[in-house]
$ cat work29.csv   # CSV, C-alpha atoms
chain,number,residue,atom,x,y,z
T,119,MET,CA,33.5,-1.1,6.5
T,120,THR,CA,31.8,0.5,3.5
T,121,LYS,CA,34.1,2.5,1.2
T,122,ARG,CA,31.6,3.8,-1.4
T,123,LEU,CA,27.9,4.3,-1.1
T,124,GLU,CA,25.5,5.0,-3.9
T,125,VAL,CA,21.7,5.7,-4.1
T,126,ALA,CA,19.7,4.6,-7.2
T,127,LEU,CA,16.6,6.7,-7.3
T,128,LEU,CA,15.0,4.1,-9.6
T,129,PRO,CA,15.7,0.4,-10.1
T,130,SER,CA,16.9,1.1,-13.6
T,131,GLU,CA,19.7,3.3,-12.3
T,132,ALA,CA,21.0,0.4,-10.2
T,133,GLU,CA,21.8,-1.5,-13.4
T,134,ALA,CA,24.6,1.0,-14.0
T,135,ILE,CA,26.1,0.8,-10.5
T,136,GLU,CA,28.9,-1.6,-9.7
T,137,ALA,CA,28.4,-2.7,-6.1
T,138,ASP,CA,29.1,-5.7,-3.8
T,139,ALA,CA,25.7,-5.3,-2.0
T,140,PHE,CA,22.3,-3.9,-2.9
T,141,LEU,CA,19.8,-2.8,-0.3
T,142,VAL,CA,16.3,-2.5,-1.9
T,143,ILE,CA,13.9,0.0,-0.3
T,144,ASP,CA,10.1,0.1,-0.8
T,145,VAL,CA,8.8,1.9,2.3
T,146,LEU,CA,5.2,1.9,1.3
T,147,ARG,CA,5.0,-0.9,1.7
T,148,ALA,CA,6.8,-4.0,0.6
T,149,THR,CA,10.1,-3.9,2.5
T,150,THR,CA,8.3,-2.6,5.6
T,151,THR,CA,6.0,-5.6,5.4
T,152,ILE,CA,8.9,-8.0,4.7
T,153,ALA,CA,10.8,-6.8,7.8
T,154,THR,CA,7.7,-7.1,9.9
T,155,LEU,CA,7.0,-10.7,8.7
T,156,PHE,CA,10.5,-11.8,9.5
T,157,GLU,CA,10.4,-10.1,12.9
T,158,GLY,CA,7.3,-12.2,13.5
T,159,GLY,CA,9.3,-15.4,12.8
T,160,LEU,CA,8.6,-16.1,9.2
T,161,ALA,CA,10.8,-18.9,7.9
T,162,ASP,CA,11.2,-17.7,4.3
T,163,LEU,CA,9.6,-15.6,1.7
T,164,VAL,CA,9.4,-16.0,-2.1
T,165,VAL,CA,9.0,-12.6,-3.8
T,166,VAL,CA,7.9,-12.6,-7.4
T,167,ASP,CA,7.3,-10.1,-10.2
T,168,ASP,CA,4.3,-11.8,-11.7
T,169,ILE,CA,0.9,-12.2,-10.0
T,170,GLU,CA,0.0,-15.5,-11.5
T,171,ALA,CA,3.4,-16.9,-10.5
T,172,ALA,CA,2.6,-15.8,-7.0
T,173,ARG,CA,-0.6,-17.8,-7.0
T,174,GLU,CA,1.1,-20.8,-8.4
T,175,ARG,CA,4.0,-20.8,-6.0
T,176,ALA,CA,1.7,-20.4,-3.0
T,177,GLN,CA,-0.6,-23.2,-4.1
T,178,SER,CA,2.1,-25.7,-5.1
T,179,GLU,CA,4.3,-25.0,-2.1
T,180,GLY,CA,1.6,-24.5,0.5
T,181,ARG,CA,2.7,-20.9,1.3
T,182,VAL,CA,0.7,-18.0,2.7
T,183,LEU,CA,-0.1,-15.6,-0.1
T,184,PHE,CA,0.5,-11.9,0.5
T,185,GLY,CA,0.3,-9.0,-2.0
T,186,GLU,CA,-1.4,-6.1,-3.6
T,187,VAL,CA,-2.6,-4.6,-6.9
T,188,GLY,CA,-3.6,-0.9,-6.7
T,189,GLY,CA,-2.9,-1.1,-3.0
T,190,LEU,CA,-5.4,-3.8,-2.2
T,191,PRO,CA,-5.2,-7.6,-1.9
T,192,PRO,CA,-6.0,-9.3,-5.3
T,193,GLU,CA,-8.7,-11.9,-5.5
T,194,GLY,CA,-7.7,-15.2,-3.8
T,195,PHE,CA,-4.8,-13.7,-1.8
T,196,ASP,CA,-4.7,-14.5,1.9
T,197,TYR,CA,-3.5,-11.1,3.0
T,198,GLY,CA,-2.6,-7.7,1.5
T,199,ASN,CA,0.7,-5.9,1.6
T,200,SER,CA,0.0,-4.2,5.0
T,201,PRO,CA,2.7,-4.0,7.7
T,202,ALA,CA,0.1,-3.0,10.2
T,203,GLU,CA,-1.8,-6.2,9.5
T,204,ALA,CA,1.4,-8.3,9.2
T,205,VAL,CA,2.4,-7.5,12.8
T,206,THR,CA,-0.8,-9.1,14.1
T,207,LEU,CA,-0.4,-12.4,12.2
T,208,ASP,CA,1.0,-15.7,13.5
T,209,VAL,CA,3.6,-16.5,10.8
T,210,ARG,CA,6.2,-18.2,12.9
T,211,ASP,CA,8.1,-20.9,11.0
T,212,LYS,CA,5.8,-20.5,8.0
T,213,GLY,CA,6.6,-19.9,4.3
T,214,ALA,CA,5.0,-17.1,2.3
T,215,VAL,CA,4.8,-15.6,-1.2
T,216,LEU,CA,4.7,-11.9,-1.9
T,217,PHE,CA,3.7,-10.0,-5.0
T,218,THR,CA,3.6,-6.2,-5.2
T,219,THR,CA,3.5,-3.5,-7.8
T,220,ASN,CA,7.0,-2.0,-7.1
T,221,GLY,CA,9.0,-3.7,-4.3
T,222,THR,CA,9.1,-7.3,-5.4
T,223,ARG,CA,10.0,-6.3,-8.9
T,224,ALA,CA,12.9,-4.3,-7.6
T,225,ILE,CA,14.1,-7.2,-5.4
T,226,CYS,CA,13.9,-9.6,-8.3
T,227,GLY,CA,15.7,-7.2,-10.6
T,228,SER,CA,18.6,-6.8,-8.1
T,229,ALA,CA,19.0,-10.5,-7.3
T,230,GLY,CA,22.2,-12.1,-8.7
T,231,ARG,CA,24.1,-8.8,-9.0
T,232,GLY,CA,25.7,-9.2,-5.5
T,233,ALA,CA,24.4,-9.6,-2.0
T,234,VAL,CA,20.8,-8.3,-1.8
T,235,ALA,CA,18.8,-7.4,1.2
T,236,THR,CA,15.7,-5.3,2.0
T,237,GLY,CA,15.6,-2.1,4.0
T,238,ALA,CA,13.1,0.4,5.3
T,239,PHE,CA,12.7,2.7,8.3
T,240,SER,CA,11.4,-0.4,10.2
T,241,ASN,CA,14.8,-2.1,10.1
T,242,ALA,CA,17.1,0.9,9.4
T,243,GLY,CA,19.6,0.2,12.2
T,244,ALA,CA,20.0,-3.4,11.4
T,245,ALA,CA,20.2,-2.8,7.6
T,246,ALA,CA,22.9,-0.1,8.1
T,247,ARG,CA,25.0,-2.5,10.1
T,248,TRP,CA,24.5,-5.2,7.4
T,249,ALA,CA,25.6,-2.7,4.7
T,250,ALA,CA,28.7,-1.7,6.6
T,251,GLY,CA,30.0,-5.2,6.0
T,252,PHE,CA,30.6,-4.5,2.3
T,253,ASP,CA,33.0,-2.3,0.4
T,254,ARG,CA,30.6,-1.0,-2.2
T,255,VAL,CA,26.9,-0.6,-1.4
T,256,ALA,CA,24.0,0.6,-3.5
T,257,LEU,CA,20.6,1.7,-1.9
T,258,VAL,CA,18.0,0.9,-4.5
T,259,CYS,CA,14.7,2.9,-4.3
T,260,ALA,CA,11.8,0.8,-5.7
T,261,GLY,CA,9.9,3.8,-6.9
T,262,ASN,CA,6.3,3.9,-8.1
T,263,SER,CA,4.4,2.9,-11.2
T,264,GLY,CA,6.3,-0.4,-11.5
T,265,GLY,CA,9.6,1.3,-10.8
T,266,LYS,CA,9.3,4.0,-13.5
T,267,ARG,CA,8.6,7.0,-11.3
T,268,PHE,CA,10.5,8.6,-8.3
T,269,ALA,CA,9.1,7.8,-4.9
T,270,LEU,CA,9.7,10.4,-2.2
T,271,GLU,CA,9.2,8.0,0.7
T,272,ASP,CA,11.9,5.6,-0.6
T,273,PHE,CA,14.3,8.5,-1.0
T,274,ALA,CA,13.5,9.6,2.6
T,275,ALA,CA,14.4,6.1,3.8
T,276,ALA,CA,17.6,6.1,1.7
T,277,ALA,CA,18.6,9.4,3.2
T,278,ARG,CA,18.2,8.0,6.7
T,279,LEU,CA,20.2,4.9,5.7
T,280,VAL,CA,23.0,7.0,4.2
T,281,GLN,CA,23.3,8.8,7.6
T,282,LEU,CA,23.3,5.6,9.5
T,283,ILE,CA,25.8,3.8,7.2
T,284,SER,CA,28.1,6.9,7.3
T,285,ARG,CA,28.2,6.5,11.1
T,286,GLU,CA,29.2,2.9,10.7
T,287,SER,CA,31.8,3.7,8.1
T,288,PRO,CA,33.4,7.1,8.7
T,289,GLY,CA,35.1,8.7,5.6
T,290,LEU,CA,33.2,6.7,3.0
T,291,GLU,CA,32.9,8.1,-0.5
T,292,LEU,CA,29.4,9.1,-1.6
T,293,GLY,CA,27.9,9.0,-5.1
T,294,ASP,CA,26.0,12.1,-6.2
T,295,ALA,CA,22.5,11.0,-5.1
T,296,ALA,CA,23.9,9.7,-1.8
T,297,GLY,CA,25.6,13.0,-1.3
T,298,VAL,CA,22.3,14.8,-1.7
T,299,ALA,CA,20.6,12.4,0.6
T,300,ALA,CA,23.3,12.9,3.3
T,301,GLY,CA,22.6,16.6,3.4
T,302,LEU,CA,18.8,16.4,3.3
T,303,THR,CA,17.7,18.8,6.0
T,304,GLY,CA,15.0,21.4,6.5
T,305,TYR,CA,12.3,19.6,4.5
T,306,GLU,CA,9.7,19.5,7.3
T,307,ASP,CA,8.3,22.9,6.3
T,308,TRP,CA,7.9,22.4,2.6
T,309,ILE,CA,7.0,18.7,2.1
T,310,ALA,CA,4.0,18.4,4.5
T,311,PRO,CA,3.1,21.7,6.1
T,312,GLY,CA,-0.2,20.4,7.3
T,313,LEU,CA,1.3,17.9,9.7
T,314,PRO,CA,1.8,18.7,13.4
T,315,GLN,CA,5.2,20.3,14.1
T,316,GLN,CA,6.1,17.6,16.6
T,317,THR,CA,6.0,14.9,13.9
T,318,ASP,CA,9.4,13.5,13.2
T,319,ARG,CA,11.2,14.2,10.0
T,320,SER,CA,10.8,10.8,8.3
T,321,ALA,CA,7.1,10.7,9.1
T,322,ARG,CA,6.5,14.1,7.6
T,323,LEU,CA,8.2,13.0,4.4
T,324,ILE,CA,6.3,9.8,4.1
T,325,ALA,CA,3.0,11.4,4.8
T,326,GLY,CA,3.6,14.1,2.2
T,327,ALA,CA,4.4,11.6,-0.6
T,328,HIS,CA,2.0,11.1,-3.5
T,329,HIS,CA,1.9,7.3,-2.8
T,330,ALA,CA,0.8,8.0,0.8
T,331,GLN,CA,-2.1,10.1,-0.3
T,332,GLY,CA,-3.3,7.2,-2.4
T,333,LEU,CA,-3.1,4.8,0.5
T,334,LYS,CA,-5.0,7.2,2.8
T,335,ALA,CA,-7.8,7.3,0.2
T,336,LEU,CA,-8.0,3.5,0.5
T,337,GLY,CA,-8.3,3.7,4.3
T,338,LEU,CA,-4.7,2.4,4.8
T,339,GLY,CA,-3.4,5.3,6.9
T,340,ALA,CA,-2.3,2.9,9.6
T,341,ASP,CA,0.3,1.5,7.2
T,342,ILE,CA,1.8,5.0,6.6
T,343,ALA,CA,2.2,5.5,10.4
T,344,PHE,CA,3.7,2.1,10.8
T,345,ALA,CA,6.1,2.6,7.9
T,346,ALA,CA,7.4,5.8,9.5
T,347,ARG,CA,8.5,4.1,12.7
T,348,GLU,CA,12.2,3.3,13.0
T,349,ASP,CA,13.7,0.0,14.2
T,350,THR,CA,10.5,-2.0,14.8
T,351,SER,CA,12.5,-4.9,13.4
T,352,ALA,CA,16.0,-6.2,13.9
T,353,GLU,CA,15.8,-8.5,10.9
T,354,VAL,CA,17.6,-8.0,7.5
T,355,PRO,CA,15.9,-10.4,5.0
T,356,GLN,CA,18.4,-11.4,2.3
T,357,VAL,CA,18.2,-13.1,-1.1
T,358,ALA,CA,19.3,-16.7,-0.6
T,359,GLU,CA,18.2,-18.1,-3.9
T,360,HIS,CA,16.8,-16.6,-7.1
T,361,GLY,CA,15.7,-17.4,-10.6
T,362,GLU,CA,13.9,-15.6,-13.5
T,363,GLY,CA,11.2,-13.4,-11.9
T,364,TRP,CA,11.6,-14.7,-8.4
T,365,ALA,CA,13.8,-14.5,-5.3
T,366,LEU,CA,13.8,-16.5,-2.0
T,367,LEU,CA,14.4,-14.3,1.1
T,368,ARG,CA,15.7,-15.6,4.4
T,369,ASN,CA,16.8,-13.9,7.5
T,370,GLU,CA,20.5,-15.0,7.5
T,371,ARG,CA,22.1,-13.4,10.5

$ encode --input "work29.csv" --output "structure tokens"
Amino acid sequence: MTKRLEVALLPSEAEAIEADAFLVIDVLRATTTIATLFEGGLADLVVVDDIEAARERAQSEGRVLFGEVGGLPPEGFDYGNSPAEAVTLDVRDKGAVLFTTNGTRAICGSAGRGAVATGAFSNAGAAARWAAGFDRVALVCAGNSGGKRFALEDFAAAARLVQLISRESPGLELGDAAGVAAGLTGYEDWIAPGLPQQTDRSARLIAGAHHAQGLKALGLGADIAFAAREDTSAEVPQVAEHGEGWALLRNER
């Protein structure tokens, strides 16, 4: 049962947090895509923080190459960083490599500091149960611009995870940002007033985020809708091995 829960609004904040487990969040779109690939039976995934390293690992190890730069698949990549696309692919028992602007950097940066897993709305329930197995947990928001700017959509997912982990661990102590996240209510009217009123809270936050507007402009609106859906995956991909600039994820139940 978790005793203390923290939220790092940027990966750099996580460096100052002492925790037993780190749950990295990049809702749009890396950790949503990762959960979706493992739900589809992916054997393992190498995440890297350098695009050329991604190409080299995929070629030398015969892995499927996923990723994005500026939201779109780089030249020579097999697929992008799209959960809506990932759910349609046959990846069972395959190995893959993923490079993204924000999420894979945050995962690599957290690797080695404790147990590390990836979370999003897509696997929120399973991720909360995983987190409840550790005394001290930090939710790490990947952010935007290479992890240098706050990302509203990641904070929205962190807020949902704080609520779910609190249910699993009654009476846990919350850090300042986690406390703000726990009390996050009433934002439907100010974050995305143009959305239909029946839209659920998390979907409204995601759709109103700056990053989401950029994805819409690229014609990737389906990924935004997919990322707002909760519990489409029961998988919690975790770092099993890591090195400088890379981490190997497996679904270790």

$ atom_distance --input "work29.csv" --atom1 "CA of Asp162 (chain T)" --atom2 "CA of Glu359 (chain T)"
10.8 Å

$ closest_atom_pairs --input "work29.csv" --of "region 220-334 of chain T" --to "region 195-205 of chain T" --cutoff "12 Å" --atoms "only C-alpha atoms" --output "Markdown table"
| residue | atom | partner | partner_atom | distance |
| --- | --- | --- | --- | --- |
| T:Asn220 | CA | T:Asn199 | CA | 11.4 |
| T:Gly221 | CA | T:Asn199 | CA | 10.4 |
| T:Thr222 | CA | T:Asn199 | CA | 11.0 |
| T:Ala238 | CA | T:Pro201 | CA | 11.5 |
| T:Ser240 | CA | T:Pro201 | CA | 9.7 |
| T:Leu333 | CA | T:Ser200 | CA | 10.5 |

$ write_last_selection --input "work29.csv" --atoms "C-alpha atoms" --output "short mmCIF file (atom, residue, chain, number, x, y, z; two decimals), in the frame of the given file"
data_model
loop_
_atom_site.label_atom_id
_atom_site.label_comp_id
_atom_site.auth_asym_id
_atom_site.auth_seq_id
_atom_site.Cartn_x
_atom_site.Cartn_y
_atom_site.Cartn_z
CA ASN T 220 7.00 -2.00 -7.10
CA GLY T 221 9.00 -3.70 -4.30
CA THR T 222 9.10 -7.30 -5.40
CA ALA T 238 13.10 0.40 5.30
CA SER T 240 11.40 -0.40 10.20
CA LEU T 333 -3.10 4.80 0.50
#

$ residues_around --input "work29.csv" --residues "Asp144 (chain T)" --least-positions-apart "6" --cutoff "9 Å" --atoms "only C-alpha atoms" --output "list in words"
Thr150, Asn220, Gly221, Thr222, Ala224, Thr236, Gly237, Ala238, Val258, Cys259, Ala260, Gly261, Ala269, Glu271, Asp272 and Ala275 of chain T

$ closest_residue --input "work29.csv" --among "T:Asn241, T:Ser228, T:Gln356, T:Gln177" --to "Leu128 (chain T)" --atoms "all atoms listed in the file"
T:Ser228

$ closest_residue --input "work29.csv" --among "T:Val145, T:Asp294, T:Ala134, T:Phe217" --to "Glu174 (chain T)" --atoms "only C-alpha atoms"
T:Phe217

$ atom_distance --input "work29.csv" --atom1 "CA of Ala139 (chain T)" --atom2 "CA of Ala276 (chain T)"
14.5 Å

$ residues_around --input "work29.csv" --residues "Leu366 (chain T)" --least-positions-apart "3" --cutoff "6 Å" --atoms "only C-alpha atoms" --output "count of residues only"
6

$ residues_around --input "work29.csv" --residues "region 252-257 of chain T" --least-positions-apart "2" --cutoff "9 Å" --atoms "only C-alpha atoms" --output "list of chain:residue names"
T:Met119, T:Thr120, T:Lys121, T:Arg122, T:Leu123, T:Glu124, T:Val125, T:Ala126, T:Leu127, T:Ala132, T:Ile135, T:Glu136, T:Ala137, T:Asp138, T:Ala139, T:Phe140, T:Leu141, T:Val142, T:Ile143, T:Gly237, T:Trp248, T:Ala249, T:Ala250, T:Cys259, T:Ala276, T:Leu279, T:Val280, T:Ala296

$ atom_distance --input "work29.csv" --atom1 "CA of Ile283 (chain T)" --atom2 "CA of His328 (chain T)"
27.1 Å

$ closest_residue --input "work29.csv" --among "T:Lys266, T:Arg231, T:Arg347, T:Lys212" --to "Arg181 (chain T)" --atoms "all atoms listed in the file"
T:Lys212

$ closest_residue --input "work29.csv" --among "T:Leu207, T:Ala242, T:Glu133, T:Glu291" --to "Ala345 (chain T)" --atoms "all atoms listed in the file"
T:Ala242

$ closest_residue --input "work29.csv" --among "T:Gly159, T:Gly243, T:Gly232, T:Gly265" --to "Val209 (chain T)" --atoms "only C-alpha atoms"
T:Gly159

$ closest_residue --input "work29.csv" --among "T:Thr218, T:Gln281, T:Gln331, T:Ser130" --to "Ile169 (chain T)" --atoms "all atoms listed in the file"
T:Thr218

$ residues_near_point --input "work29.csv" --point "(3.5, 3.0, 2.4)" --cutoff "7 Å" --atoms "all atoms listed in the file" --output "list in words"
Val145, Leu146, Arg147, His329, Ala330, Asp341, Ile342 and Ala345 of chain T
